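Everything on this sheet refers to the single structure shown next.
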Amino acid sequence: MTFFLQNLVNALQWGSFYALIALGYSMVYGILMLFNFAHGDIFMVGAYIGFGVATGLTALAAMGMLALPNWVILVLTILISMFLTSFVGILVERLGYRPLRDAPRASAAITGLMIGIILETGNLALLGARRVSFPSLIDSVTYNFGGVYVTNKKIMIVAVSLALMAALHQFVSRTKWGMAMRAMAFDYVVVPLMGVPLNTIAALTFAIGSALAAAAGILFGVAYPVLDPYMGIVFGWKAFVAAILGGRGSIMGATLAGFLLGFIEIFVAMIFPSTLRDLIAYSIILLILVFRPHGFFGEAYSARLRL
Amino acid sequence: MALLQVDHMTHFFGGLRAVHDYNLSLEAGQIRGLIGPNGAGKTTVFNLLTGIHTPTEGHIHLDGQEITGKPPHRIASLGLARTFQNLCLWRHMTVLEHVKMARYSRISYGLIGAFFGTPKRHREEAAIEAKAHTLLQLVGIDHLADQVVVNLPYGAQRRVELARALAIEPKVLFLDEPTAGMNPEELVQMMEIIRRVHAEFDLAIYLIEHRLKMVMELCEVIQTLVFGEVVAEGPPEEIQTNPVVIEAYLGKEGVESSC
Amino acid sequence: MNTDSGETPAASGSLKKRLRRDLARVPLLAWLWGAMAAVVLERFCGPQLADLLGLPKVPVLFGFLIILKQPLLIPSTVVFITLIYGLPILLVSRLLARPANRLAAFLLQGPLAVSVLIHLAFFYGTLHLWSDMSAYRVLTLKLTLIAVMLTLSLNVINGYMGEFSCSHPAFMALGAYAASVMTLAFFAKDKQFGEALLPTALGPFMFPLVLVVAGAVAAIGALVIAIPSFRTRGDYLAIISLAFLFIVKSLIENLEWLGGPRGLSSQPNYASLPTVFAWATACIWIINNFVRSTLGKALNAVRDDEIAADAMTVDTRRTKMVAFLFGAFWAGVAGGLFAHVLRYVNPGSFGLQNLAEVLAMVYFGGLNSVYGSIVGAVSLSLLGEALRPLELFKWIIIPLMLILVMIFRPTGLIAFREFDVRKLVQPKLNPDHEV
Ligand SMILES: Nc1ncnc2c1ncn2[C@@H]1O[C@H](COP(=O)(O)OP(=O)(O)OP(=O)(O)O)[C@@H](O)[C@H]1O
Ligand SMILES: [Mg+2]
């Protein structure tokens, strides 16, 4: 039982990364019926921006110009990086997706992929191939709950993720812009006629998705403080699969499937040799998709890759 | 049993009863009409008979063979061809390729021929091509054979659909509003073509049309569909004077002419 | 069209026009002869000329590598390329245009196959002489030919059929491993599979069979995706095939008898240039035959309007299955060749990077077009090699280029063009009204 609970805690943490990233995929899909294949790399960029901001802030603090406790610095890092990364998202939309709004959907997928490669390479060119380590802002404290060990970092990561998801939920269901987004997801064609500008909504969606990815990147940096330019590939594609599993365009689905993927991976790795992790995880996903082609919350739809 | 025999066909889209207890017996060589207000379920009847949807209840027989639930391509190769109300053409293909494509199920050179370009394949393709040209001449667009369909005017696109359907060598031809969007001149030509096709291939034709004049002129028997139910069936003179039809359909002349 | 500003527009315009008219009369055969002449020239005079111009050696890839590595040598490189390639090709092909046209016309009186084979012979001769100069050229050429096969086979699925398949690297991996296991187990002594089970001398003769089996293995793998995918419409295939790619890759990584993450090495040296060339040609020929037949065109019908295709007697599911397995088959063959060209495979070669490359080639060259795939694969392969000195920036320039192509020509450079072999090899007697 403790074994199970212990892994549950780990899986919650692992799943929150996937869930946060998957949200971005799913939201963009909801609006544009397109996948933003650069999203994984936006996660990476977000982590690096977070690294830059955190390093800068700690340096300021060390120089005595900024008398703030470490946890405030972390919160600031998350907020500033989310803000900055959202512009990366807007840029990607503007350069890679908007010009291709009427093009075949596959072409936009290709531009997304290519932007991803540019982001990776750009990062590599700027910072070099060495891995950078994320400054440790909070000291790890381990609590023992009847044999289940939980670090304060894990609690923080899961709590922040859940808070962000709750905030997103509030946003899409309460605010005018959020409702416009949902309307757009419901009907791409009609809403622009109703005076809601598609371009603004699309940019907003990319911005929010990217901000969430940045948060995931920083939280990842807190948990596993080594960043490398290719970290977005593996995480991105897996989160993409989670978004599909949740049901394209479904925010709820993406969240749940993100966590589910985390659970599958952690438990597979516990039971089987860890090299089998991807094999088993993807086989499970493949099976689920064979029997539920539209994922958990997706609706039957018939969008085609139009040429 | 008639060439195309439909018994007690009913279809639901979710909770919507689109077609209810529909019966039909279409004899060989007959021209029949199906009329009804917008959304009455006429296209749905076609979709059910051609296998695009499977009816919730009922049986369909073509030439004595049960075709209910068969996939569309099987039904089509058994001799039931159709055109589409909203033009379902292949946007990147030429007119000639459209007509040749409808010979798909009769191609016998197989994958070997396709991969290796055997002499048999070349002979067969040449034969199909000749046949396609004949059909294009029949509908009067042979000079457009090498054009990509999206570049063609609307009337020509409708003719492509017709030629394509004829290439199946059907026993029964369904035409879903073949003159929609045409000007009076094109309309007359289309009627002429339909007559010619009917005479030449001895087809049974089942026609959905909003222009009553045309239906009355062409068809031997007309069915009227309202909310998925046949409210009247009979020869044109009878339909024209049927009070139910007049109430349900002819009374809405204004709606009809506006579309 | 850019009209020359300044000077005498009329004169230069007419000169250009004349040149264009002259060149329009040059048939493929003459171009091949020109290229052959250039290659022969390079073989005999290249080293001396390079010496004379102060180049360290004969520019190995049309001077691109030198230009980027040592900008100071640009003038000499340009002179070299002009003297060895540019002028001879232009001159010879222009001068021999007339006899070449006559020969081409004569050849076309016989069966098309004869004419095509003769063209291919000249083409291969040129490639052979060109690549003979260095091992690097041979390798680049082989990999380019393999890239053509991969691109073309993916175009069948993503272009002609209009689905989005992500599993091409997986099919390639299946083919590569299947072929490697066969050759290593049967025809070679190695540490993984021990003694050769069959006489080693048999190997080269059985290699075609090995490749066909490798393709078949890939096609069987494709069946796993095809069965669930083609029940549902939409971009379902994209996701299923992506999962399949990950599964195949990690499966191979976990199978110790396949060498695990280390892979398999020391495959016998069967994939010589003629072998690769022959297979690439066969691939282009067969795929082109297929996509131009009515059975193959059914793919376009299914892509453009599946319901209409179904209503016109096209068995859509069968059509999609056949095309998907067909594409996978060629990816498998290409994989088998790839393993024997590098004589080393590991799971790392068949990942997302590889996927991005093949997709880039398909979409850059142009969807639904054999020409496009050839152009896309060749240009991106060569560009990849040429930009190698730029290291990292290569991976910024190529993606940027592709993004621009997508924005301005969303279906690629040469999309929706038929590859008509007869037109290609026919004489160009009268450019104004071509036959
Ligand atoms: N695939 C479908 N799913 C759900 N409802 C459908 C579907 N196809 C048609 N319907 C509904 O069935 C009803 C009948 O539609 P149908 O297209 O058959 O009408 P119609 O008589 O052909 O009209 P029109 O004259 O406009 O062509 C309509 O209410 C339509 O909304
Ligand atoms: Mg209708």
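As shown in the structure tokens, the chain order sets the letters A, B, ...; within each chain, residues go from 1, and ligands are also counted from 1 in the order they appear.
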For this session: Counting only C-alpha atoms and all ligand atoms, name the residues that have an atom within 7 Å of an atom of ligand 2; the answer should be given as a count of residues only.
Result: 6
Problem set entry | Env. residues ligand 1 / 9 Å / only C-alpha atoms and all ligand atoms / as a PyMOL selection string | chain B and resi 12-14+16-19+35-47+53+85-86+176-177+208-210+225-228
For this session: Using DSSP on the backbone coordinates, identify the residues of segment 144-380 of chain C assigned to helix (DSSP H, G or I); present them as a PyMOL selection string.
Result: chain C and resi 144-160+168-187+200-229+236-254+256-258+260-262+273-292+294-304+306-311+316-342+347-349+352-365+370-380
Exercise. Any idea what's packed within 6 Å of segment 11-20 of chain A, counting only C-alpha atoms, ignoring anything in its chain fewer than 2 positions away? Could you give it as a VMD selection string?
Worked result: chain A and resid 7 to 9 22 to 23 158 212 216 239 255 258 to 259 262 to 263 266
Exercise. Out of segment 58-285 of chain A, which residues get strand (DSSP E) from DSSP, as a count of residues only?
Worked result: 12
Exercise. When the cut-off is 6 Å and we count only C-alpha atoms, which residues of chain C are near chain B, given as a PyMOL selection string?
Worked result: chain C and resi 286+289-290+293+301+304-305+308+310-315
Show me, as a PDB file with all heavy atoms, in the first residue's frame, every residue of chain C with an atom at most 7 Å from chain A, counting only C-alpha atoms.
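result38.pdb, written as the output of this step:
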```pdb
ATOM      1  N   GLY C 162      -3.272  11.457 -49.073  1.00  0.00           N
ATOM      2  CA  GLY C 162      -3.739  12.560 -48.251  1.00  0.00           C
ATOM      3  C   GLY C 162      -3.916  12.232 -46.784  1.00  0.00           C
ATOM      4  O   GLY C 162      -4.592  12.946 -46.068  1.00  0.00           O
ATOM      5  N   GLU C 163      -3.326  11.161 -46.336  1.00  0.00           N
ATOM      6  CA  GLU C 163      -3.313  10.907 -44.896  1.00  0.00           C
ATOM      7  C   GLU C 163      -2.029  11.505 -44.349  1.00  0.00           C
ATOM      8  O   GLU C 163      -1.206  12.015 -45.093  1.00  0.00           O
ATOM      9  CB  GLU C 163      -3.345   9.397 -44.630  1.00  0.00           C
ATOM     10  CG  GLU C 163      -4.613   8.730 -45.093  1.00  0.00           C
ATOM     11  CD  GLU C 163      -5.758   8.901 -44.114  1.00  0.00           C
ATOM     12  OE1 GLU C 163      -5.491   9.283 -42.960  1.00  0.00           O
ATOM     13  OE2 GLU C 163      -6.905   8.665 -44.509  1.00  0.00           O
ATOM     14  N   PRO C 228      -6.637  -0.825 -37.659  1.00  0.00           N
ATOM     15  CA  PRO C 228      -7.507   0.081 -36.894  1.00  0.00           C
ATOM     16  C   PRO C 228      -7.689   1.444 -37.551  1.00  0.00           C
ATOM     17  O   PRO C 228      -8.759   2.033 -37.442  1.00  0.00           O
ATOM     18  CB  PRO C 228      -6.782   0.226 -35.552  1.00  0.00           C
ATOM     19  CG  PRO C 228      -5.378  -0.097 -35.830  1.00  0.00           C
ATOM     20  CD  PRO C 228      -5.369  -1.070 -36.949  1.00  0.00           C
ATOM     21  N   ARG C 233     -12.226   7.837 -40.191  1.00  0.00           N
ATOM     22  CA  ARG C 233     -11.693   8.887 -41.049  1.00  0.00           C
ATOM     23  C   ARG C 233     -10.965   9.920 -40.198  1.00  0.00           C
ATOM     24  O   ARG C 233     -11.016   9.897 -38.989  1.00  0.00           O
ATOM     25  CB  ARG C 233     -12.825   9.582 -41.785  1.00  0.00           C
ATOM     26  CG  ARG C 233     -13.524   8.658 -42.725  1.00  0.00           C
ATOM     27  CD  ARG C 233     -14.083   9.431 -43.898  1.00  0.00           C
ATOM     28  NE  ARG C 233     -14.769   8.491 -44.770  1.00  0.00           N
ATOM     29  CZ  ARG C 233     -16.083   8.314 -44.733  1.00  0.00           C
ATOM     30  NH1 ARG C 233     -16.812   9.013 -43.906  1.00  0.00           N
ATOM     31  NH2 ARG C 233     -16.647   7.445 -45.531  1.00  0.00           N
ATOM     32  N   GLY C 234     -10.313  10.857 -40.892  1.00  0.00           N
ATOM     33  CA  GLY C 234      -9.694  11.949 -40.156  1.00  0.00           C
ATOM     34  C   GLY C 234      -8.226  11.698 -39.916  1.00  0.00           C
ATOM     35  O   GLY C 234      -7.643  10.777 -40.485  1.00  0.00           O
ATOM     36  N   ASP C 235      -7.622  12.511 -39.068  1.00  0.00           N
ATOM     37  CA  ASP C 235      -6.173  12.388 -38.904  1.00  0.00           C
ATOM     38  C   ASP C 235      -5.803  11.367 -37.831  1.00  0.00           C
ATOM     39  O   ASP C 235      -4.808  11.480 -37.148  1.00  0.00           O
ATOM     40  CB  ASP C 235      -5.527  13.746 -38.632  1.00  0.00           C
ATOM     41  CG  ASP C 235      -6.249  14.506 -37.560  1.00  0.00           C
ATOM     42  OD1 ASP C 235      -7.097  13.890 -36.882  1.00  0.00           O
ATOM     43  OD2 ASP C 235      -5.982  15.699 -37.387  1.00  0.00           O
ATOM     44  N   ILE C 240      -1.966   7.257 -34.543  1.00  0.00           N
ATOM     45  CA  ILE C 240      -1.664   5.837 -34.405  1.00  0.00           C
ATOM     46  C   ILE C 240      -0.254   5.552 -34.917  1.00  0.00           C
ATOM     47  O   ILE C 240       0.526   4.826 -34.307  1.00  0.00           O
ATOM     48  CB  ILE C 240      -2.681   5.002 -35.201  1.00  0.00           C
ATOM     49  CG1 ILE C 240      -4.068   5.158 -34.594  1.00  0.00           C
ATOM     50  CG2 ILE C 240      -2.282   3.553 -35.239  1.00  0.00           C
ATOM     51  CD1 ILE C 240      -4.317   4.333 -33.391  1.00  0.00           C
ATOM     52  N   ALA C 243       2.426   6.697 -32.488  1.00  0.00           N
ATOM     53  CA  ALA C 243       2.585   5.750 -31.384  1.00  0.00           C
ATOM     54  C   ALA C 243       3.341   4.515 -31.862  1.00  0.00           C
ATOM     55  O   ALA C 243       4.220   3.995 -31.169  1.00  0.00           O
ATOM     56  CB  ALA C 243       1.224   5.358 -30.826  1.00  0.00           C
ATOM     57  N   ILE C 247       6.731   2.790 -30.475  1.00  0.00           N
ATOM     58  CA  ILE C 247       6.711   1.390 -30.031  1.00  0.00           C
ATOM     59  C   ILE C 247       7.810   0.594 -30.728  1.00  0.00           C
ATOM     60  O   ILE C 247       8.573  -0.118 -30.085  1.00  0.00           O
ATOM     61  CB  ILE C 247       5.327   0.770 -30.293  1.00  0.00           C
ATOM     62  CG1 ILE C 247       4.307   1.374 -29.328  1.00  0.00           C
ATOM     63  CG2 ILE C 247       5.378  -0.738 -30.125  1.00  0.00           C
ATOM     64  CD1 ILE C 247       2.893   0.952 -29.576  1.00  0.00           C
ATOM     65  N   SER C 250      11.269   1.562 -29.367  1.00  0.00           N
ATOM     66  CA  SER C 250      11.659   1.063 -28.045  1.00  0.00           C
ATOM     67  C   SER C 250      11.631  -0.459 -28.011  1.00  0.00           C
ATOM     68  O   SER C 250      12.345  -1.072 -27.215  1.00  0.00           O
ATOM     69  CB  SER C 250      10.809   1.677 -26.944  1.00  0.00           C
ATOM     70  OG  SER C 250       9.465   1.435 -27.169  1.00  0.00           O
ATOM     71  N   LEU C 251      10.855  -1.065 -28.893  1.00  0.00           N
ATOM     72  CA  LEU C 251      10.896  -2.526 -28.979  1.00  0.00           C
ATOM     73  C   LEU C 251      12.288  -2.980 -29.410  1.00  0.00           C
ATOM     74  O   LEU C 251      12.887  -3.869 -28.796  1.00  0.00           O
ATOM     75  CB  LEU C 251       9.845  -3.010 -29.980  1.00  0.00           C
ATOM     76  CG  LEU C 251       9.646  -4.517 -30.066  1.00  0.00           C
ATOM     77  CD1 LEU C 251       9.062  -5.033 -28.769  1.00  0.00           C
ATOM     78  CD2 LEU C 251       8.751  -4.890 -31.224  1.00  0.00           C
ATOM     79  N   ASN C 254      14.860  -2.782 -26.866  1.00  0.00           N
ATOM     80  CA  ASN C 254      14.754  -3.759 -25.788  1.00  0.00           C
ATOM     81  C   ASN C 254      15.041  -5.189 -26.209  1.00  0.00           C
ATOM     82  O   ASN C 254      15.061  -6.075 -25.369  1.00  0.00           O
ATOM     83  CB  ASN C 254      13.362  -3.689 -25.155  1.00  0.00           C
ATOM     84  CG  ASN C 254      13.268  -2.527 -24.195  1.00  0.00           C
ATOM     85  OD1 ASN C 254      13.888  -2.539 -23.148  1.00  0.00           O
ATOM     86  ND2 ASN C 254      12.538  -1.500 -24.591  1.00  0.00           N
ATOM     87  N   LEU C 392      25.629  23.903 -36.868  1.00  0.00           N
ATOM     88  CA  LEU C 392      24.320  24.156 -36.291  1.00  0.00           C
ATOM     89  C   LEU C 392      23.389  24.937 -37.203  1.00  0.00           C
ATOM     90  O   LEU C 392      22.215  24.645 -37.317  1.00  0.00           O
ATOM     91  CB  LEU C 392      24.490  24.970 -35.013  1.00  0.00           C
ATOM     92  CG  LEU C 392      24.602  24.161 -33.755  1.00  0.00           C
ATOM     93  CD1 LEU C 392      24.657  25.085 -32.573  1.00  0.00           C
ATOM     94  CD2 LEU C 392      23.397  23.247 -33.653  1.00  0.00           C
ATOM     95  N   TRP C 395      20.671  23.662 -39.404  1.00  0.00           N
ATOM     96  CA  TRP C 395      19.359  23.305 -38.869  1.00  0.00           C
ATOM     97  C   TRP C 395      18.497  24.526 -38.581  1.00  0.00           C
ATOM     98  O   TRP C 395      17.429  24.410 -38.024  1.00  0.00           O
ATOM     99  CB  TRP C 395      19.498  22.428 -37.629  1.00  0.00           C
ATOM    100  CG  TRP C 395      19.924  21.075 -38.038  1.00  0.00           C
ATOM    101  CD1 TRP C 395      21.104  20.461 -37.754  1.00  0.00           C
ATOM    102  CD2 TRP C 395      19.208  20.181 -38.887  1.00  0.00           C
ATOM    103  NE1 TRP C 395      21.172  19.247 -38.366  1.00  0.00           N
ATOM    104  CE2 TRP C 395      20.025  19.062 -39.068  1.00  0.00           C
ATOM    105  CE3 TRP C 395      17.972  20.233 -39.526  1.00  0.00           C
ATOM    106  CZ2 TRP C 395      19.625  17.976 -39.855  1.00  0.00           C
ATOM    107  CZ3 TRP C 395      17.591  19.159 -40.310  1.00  0.00           C
ATOM    108  CH2 TRP C 395      18.414  18.048 -40.460  1.00  0.00           C
ATOM    109  N   ILE C 396      19.029  25.689 -38.931  1.00  0.00           N
ATOM    110  CA  ILE C 396      18.146  26.861 -38.906  1.00  0.00           C
ATOM    111  C   ILE C 396      17.779  27.222 -40.338  1.00  0.00           C
ATOM    112  O   ILE C 396      16.632  27.546 -40.625  1.00  0.00           O
ATOM    113  CB  ILE C 396      18.849  28.038 -38.188  1.00  0.00           C
ATOM    114  CG1 ILE C 396      18.991  27.671 -36.708  1.00  0.00           C
ATOM    115  CG2 ILE C 396      18.059  29.316 -38.371  1.00  0.00           C
ATOM    116  CD1 ILE C 396      19.560  28.729 -35.849  1.00  0.00           C
ATOM    117  N   PRO C 399      15.133  24.480 -42.011  1.00  0.00           N
ATOM    118  CA  PRO C 399      13.744  24.691 -41.575  1.00  0.00           C
ATOM    119  C   PRO C 399      13.154  26.020 -42.028  1.00  0.00           C
ATOM    120  O   PRO C 399      11.995  26.058 -42.449  1.00  0.00           O
ATOM    121  CB  PRO C 399      13.852  24.653 -40.045  1.00  0.00           C
ATOM    122  CG  PRO C 399      15.065  23.874 -39.766  1.00  0.00           C
ATOM    123  CD  PRO C 399      16.008  24.156 -40.881  1.00  0.00           C
ATOM    124  N   ILE C 403       9.780  26.533 -44.156  1.00  0.00           N
ATOM    125  CA  ILE C 403       8.649  27.353 -43.710  1.00  0.00           C
ATOM    126  C   ILE C 403       8.240  28.310 -44.821  1.00  0.00           C
ATOM    127  O   ILE C 403       7.060  28.479 -45.118  1.00  0.00           O
ATOM    128  CB  ILE C 403       9.026  28.131 -42.423  1.00  0.00           C
ATOM    129  CG1 ILE C 403       9.169  27.160 -41.261  1.00  0.00           C
ATOM    130  CG2 ILE C 403       7.963  29.170 -42.102  1.00  0.00           C
ATOM    131  CD1 ILE C 403       9.675  27.807 -40.000  1.00  0.00           C
ATOM    132  N   MET C 406       6.374  26.492 -47.427  1.00  0.00           N
ATOM    133  CA  MET C 406       5.017  26.176 -46.971  1.00  0.00           C
ATOM    134  C   MET C 406       4.118  27.406 -47.051  1.00  0.00           C
ATOM    135  O   MET C 406       2.945  27.318 -47.368  1.00  0.00           O
ATOM    136  CB  MET C 406       5.034  25.665 -45.531  1.00  0.00           C
ATOM    137  CG  MET C 406       5.582  24.276 -45.355  1.00  0.00           C
ATOM    138  SD  MET C 406       4.575  23.005 -46.114  1.00  0.00           S
ATOM    139  CE  MET C 406       5.420  22.723 -47.624  1.00  0.00           C
ATOM    140  N   ILE C 407       4.697  28.575 -46.723  1.00  0.00           N
ATOM    141  CA  ILE C 407       3.869  29.775 -46.728  1.00  0.00           C
ATOM    142  C   ILE C 407       3.501  30.170 -48.157  1.00  0.00           C
ATOM    143  O   ILE C 407       2.363  30.518 -48.446  1.00  0.00           O
ATOM    144  CB  ILE C 407       4.598  30.931 -46.008  1.00  0.00           C
ATOM    145  CG1 ILE C 407       4.632  30.643 -44.504  1.00  0.00           C
ATOM    146  CG2 ILE C 407       3.902  32.261 -46.269  1.00  0.00           C
ATOM    147  CD1 ILE C 407       5.406  31.636 -43.701  1.00  0.00           C
ATOM    148  N   PRO C 410       1.962  26.075 -50.334  1.00  0.00           N
ATOM    149  CA  PRO C 410       1.656  25.149 -49.243  1.00  0.00           C
ATOM    150  C   PRO C 410       1.698  23.669 -49.622  1.00  0.00           C
ATOM    151  O   PRO C 410       1.815  22.833 -48.743  1.00  0.00           O
ATOM    152  CB  PRO C 410       0.242  25.538 -48.827  1.00  0.00           C
ATOM    153  CG  PRO C 410       0.072  26.920 -49.312  1.00  0.00           C
ATOM    154  CD  PRO C 410       0.917  27.055 -50.532  1.00  0.00           C
ATOM    155  N   THR C 411       1.614  23.353 -50.897  1.00  0.00           N
ATOM    156  CA  THR C 411       1.694  21.923 -51.215  1.00  0.00           C
ATOM    157  C   THR C 411       3.073  21.546 -51.752  1.00  0.00           C
ATOM    158  O   THR C 411       3.265  20.436 -52.224  1.00  0.00           O
ATOM    159  CB  THR C 411       0.634  21.524 -52.255  1.00  0.00           C
ATOM    160  OG1 THR C 411       0.659  22.469 -53.312  1.00  0.00           O
ATOM    161  CG2 THR C 411      -0.744  21.500 -51.636  1.00  0.00           C
TER     162      THR C 411
END
```
Exercise. How far is it from atom CA of Leu152 of chain C to atom CA of Ala214 of chain C, in Å with one decimal?
Worked result: 17.6 Å
Thr183 of chain C environment, 12 Å, only C-alpha atoms, sequence neighbours closer than 6 positions dropped, as a compact mmCIF listing (two decimals) with N, CA and C atoms, in the first residue's frame:
```
# COMPACT_ATOMS: atom_id res chain seq x y z
N ALA C 176 15.33 -2.32 -42.23
CA ALA C 176 16.77 -2.33 -41.98
C ALA C 176 17.15 -3.50 -41.08
N TYR C 177 16.39 -3.70 -40.03
CA TYR C 177 16.72 -4.79 -39.12
C TYR C 177 16.44 -6.15 -39.75
N LYS C 189 29.67 -14.15 -41.00
CA LYS C 189 30.04 -14.60 -39.66
C LYS C 189 30.18 -13.35 -38.80
N ASP C 190 29.42 -13.32 -37.73
CA ASP C 190 29.56 -12.14 -36.89
C ASP C 190 29.29 -12.50 -35.45
N GLN C 192 27.05 -11.49 -33.38
CA GLN C 192 25.67 -11.58 -32.92
C GLN C 192 25.03 -12.92 -33.27
N PHE C 193 25.24 -13.34 -34.54
CA PHE C 193 24.53 -14.53 -34.99
C PHE C 193 25.46 -15.69 -35.30
N GLY C 194 26.74 -15.52 -35.05
CA GLY C 194 27.68 -16.61 -35.23
C GLY C 194 27.96 -16.91 -36.71
N GLU C 195 28.27 -18.19 -36.96
CA GLU C 195 28.67 -18.61 -38.30
C GLU C 195 27.58 -18.34 -39.34
N ALA C 196 28.02 -18.20 -40.58
CA ALA C 196 27.05 -18.05 -41.66
C ALA C 196 26.32 -19.37 -41.87
N LEU C 197 25.03 -19.30 -42.02
CA LEU C 197 24.25 -20.53 -42.17
C LEU C 197 24.26 -21.04 -43.60
N LEU C 198 24.50 -20.14 -44.53
CA LEU C 198 24.53 -20.52 -45.94
C LEU C 198 25.88 -20.11 -46.50
N PRO C 199 26.23 -20.67 -47.65
CA PRO C 199 27.51 -20.26 -48.25
C PRO C 199 27.55 -18.74 -48.47
N THR C 200 28.65 -18.14 -48.06
CA THR C 200 28.76 -16.68 -48.14
C THR C 200 28.67 -16.20 -49.58
N ALA C 201 29.14 -17.02 -50.49
CA ALA C 201 29.17 -16.59 -51.89
C ALA C 201 27.77 -16.36 -52.43
N LEU C 202 26.80 -16.98 -51.81
CA LEU C 202 25.42 -16.86 -52.26
C LEU C 202 24.85 -15.47 -51.96
N GLY C 203 25.42 -14.85 -50.95
CA GLY C 203 24.87 -13.60 -50.42
C GLY C 203 24.45 -12.57 -51.44
N PRO C 204 25.39 -12.09 -52.27
CA PRO C 204 25.03 -11.01 -53.18
C PRO C 204 23.87 -11.38 -54.09
N PHE C 205 23.76 -12.68 -54.43
CA PHE C 205 22.66 -13.06 -55.33
C PHE C 205 21.33 -13.09 -54.60
N MET C 206 21.41 -13.39 -53.31
CA MET C 206 20.17 -13.45 -52.54
C MET C 206 19.76 -12.07 -52.03
N PHE C 207 20.62 -11.09 -52.20
CA PHE C 207 20.34 -9.79 -51.60
C PHE C 207 19.00 -9.18 -52.07
N PRO C 208 18.68 -9.27 -53.36
CA PRO C 208 17.37 -8.75 -53.77
C PRO C 208 16.23 -9.41 -53.02
N LEU C 209 16.34 -10.71 -52.85
CA LEU C 209 15.30 -11.43 -52.12
C LEU C 209 15.23 -10.92 -50.68
N VAL C 210 16.41 -10.74 -50.10
CA VAL C 210 16.48 -10.22 -48.73
C VAL C 210 15.74 -8.89 -48.64
N LEU C 211 15.98 -8.04 -49.61
CA LEU C 211 15.34 -6.71 -49.57
C LEU C 211 13.83 -6.82 -49.73
N VAL C 213 12.01 -9.33 -48.81
CA VAL C 213 11.48 -9.80 -47.53
C VAL C 213 11.49 -8.65 -46.51
N ALA C 214 12.54 -7.84 -46.54
CA ALA C 214 12.61 -6.70 -45.62
C ALA C 214 11.42 -5.77 -45.85
N LEU C 264 23.12 -3.30 -34.75
CA LEU C 264 23.83 -4.36 -35.44
C LEU C 264 24.88 -3.73 -36.35
N SER C 265 26.01 -4.43 -36.46
CA SER C 265 27.02 -3.84 -37.35
C SER C 265 27.69 -4.91 -38.19
N SER C 266 28.59 -4.45 -39.04
CA SER C 266 29.34 -5.25 -40.02
C SER C 266 28.46 -6.08 -40.93
N GLN C 267 27.41 -5.45 -41.44
CA GLN C 267 26.63 -6.09 -42.50
C GLN C 267 27.54 -6.27 -43.72
N PRO C 268 27.31 -7.34 -44.47
CA PRO C 268 28.15 -7.51 -45.66
C PRO C 268 27.95 -6.37 -46.66
N ASN C 269 28.97 -6.17 -47.44
CA ASN C 269 29.01 -5.01 -48.33
C ASN C 269 28.25 -5.29 -49.63
N TYR C 270 26.94 -5.45 -49.53
CA TYR C 270 26.17 -5.79 -50.74
C TYR C 270 25.62 -4.57 -51.46
N ALA C 271 25.46 -3.48 -50.72
CA ALA C 271 24.77 -2.33 -51.32
C ALA C 271 25.74 -1.46 -52.09
N GLY C 336 16.45 -1.49 -45.68
CA GLY C 336 17.40 -2.59 -45.89
C GLY C 336 18.65 -2.11 -46.60
N LEU C 337 18.45 -1.28 -47.62
CA LEU C 337 19.61 -0.74 -48.34
C LEU C 337 20.44 0.16 -47.42
N ALA C 339 20.79 0.05 -44.24
CA ALA C 339 21.60 -0.73 -43.29
C ALA C 339 22.85 -1.26 -43.96
N HIS C 340 22.72 -1.62 -45.25
CA HIS C 340 23.89 -2.21 -45.91
C HIS C 340 24.79 -1.17 -46.55
N ARG C 343 26.40 -0.13 -43.23
CA ARG C 343 26.88 -1.37 -42.63
C ARG C 343 26.86 -1.27 -41.11
```
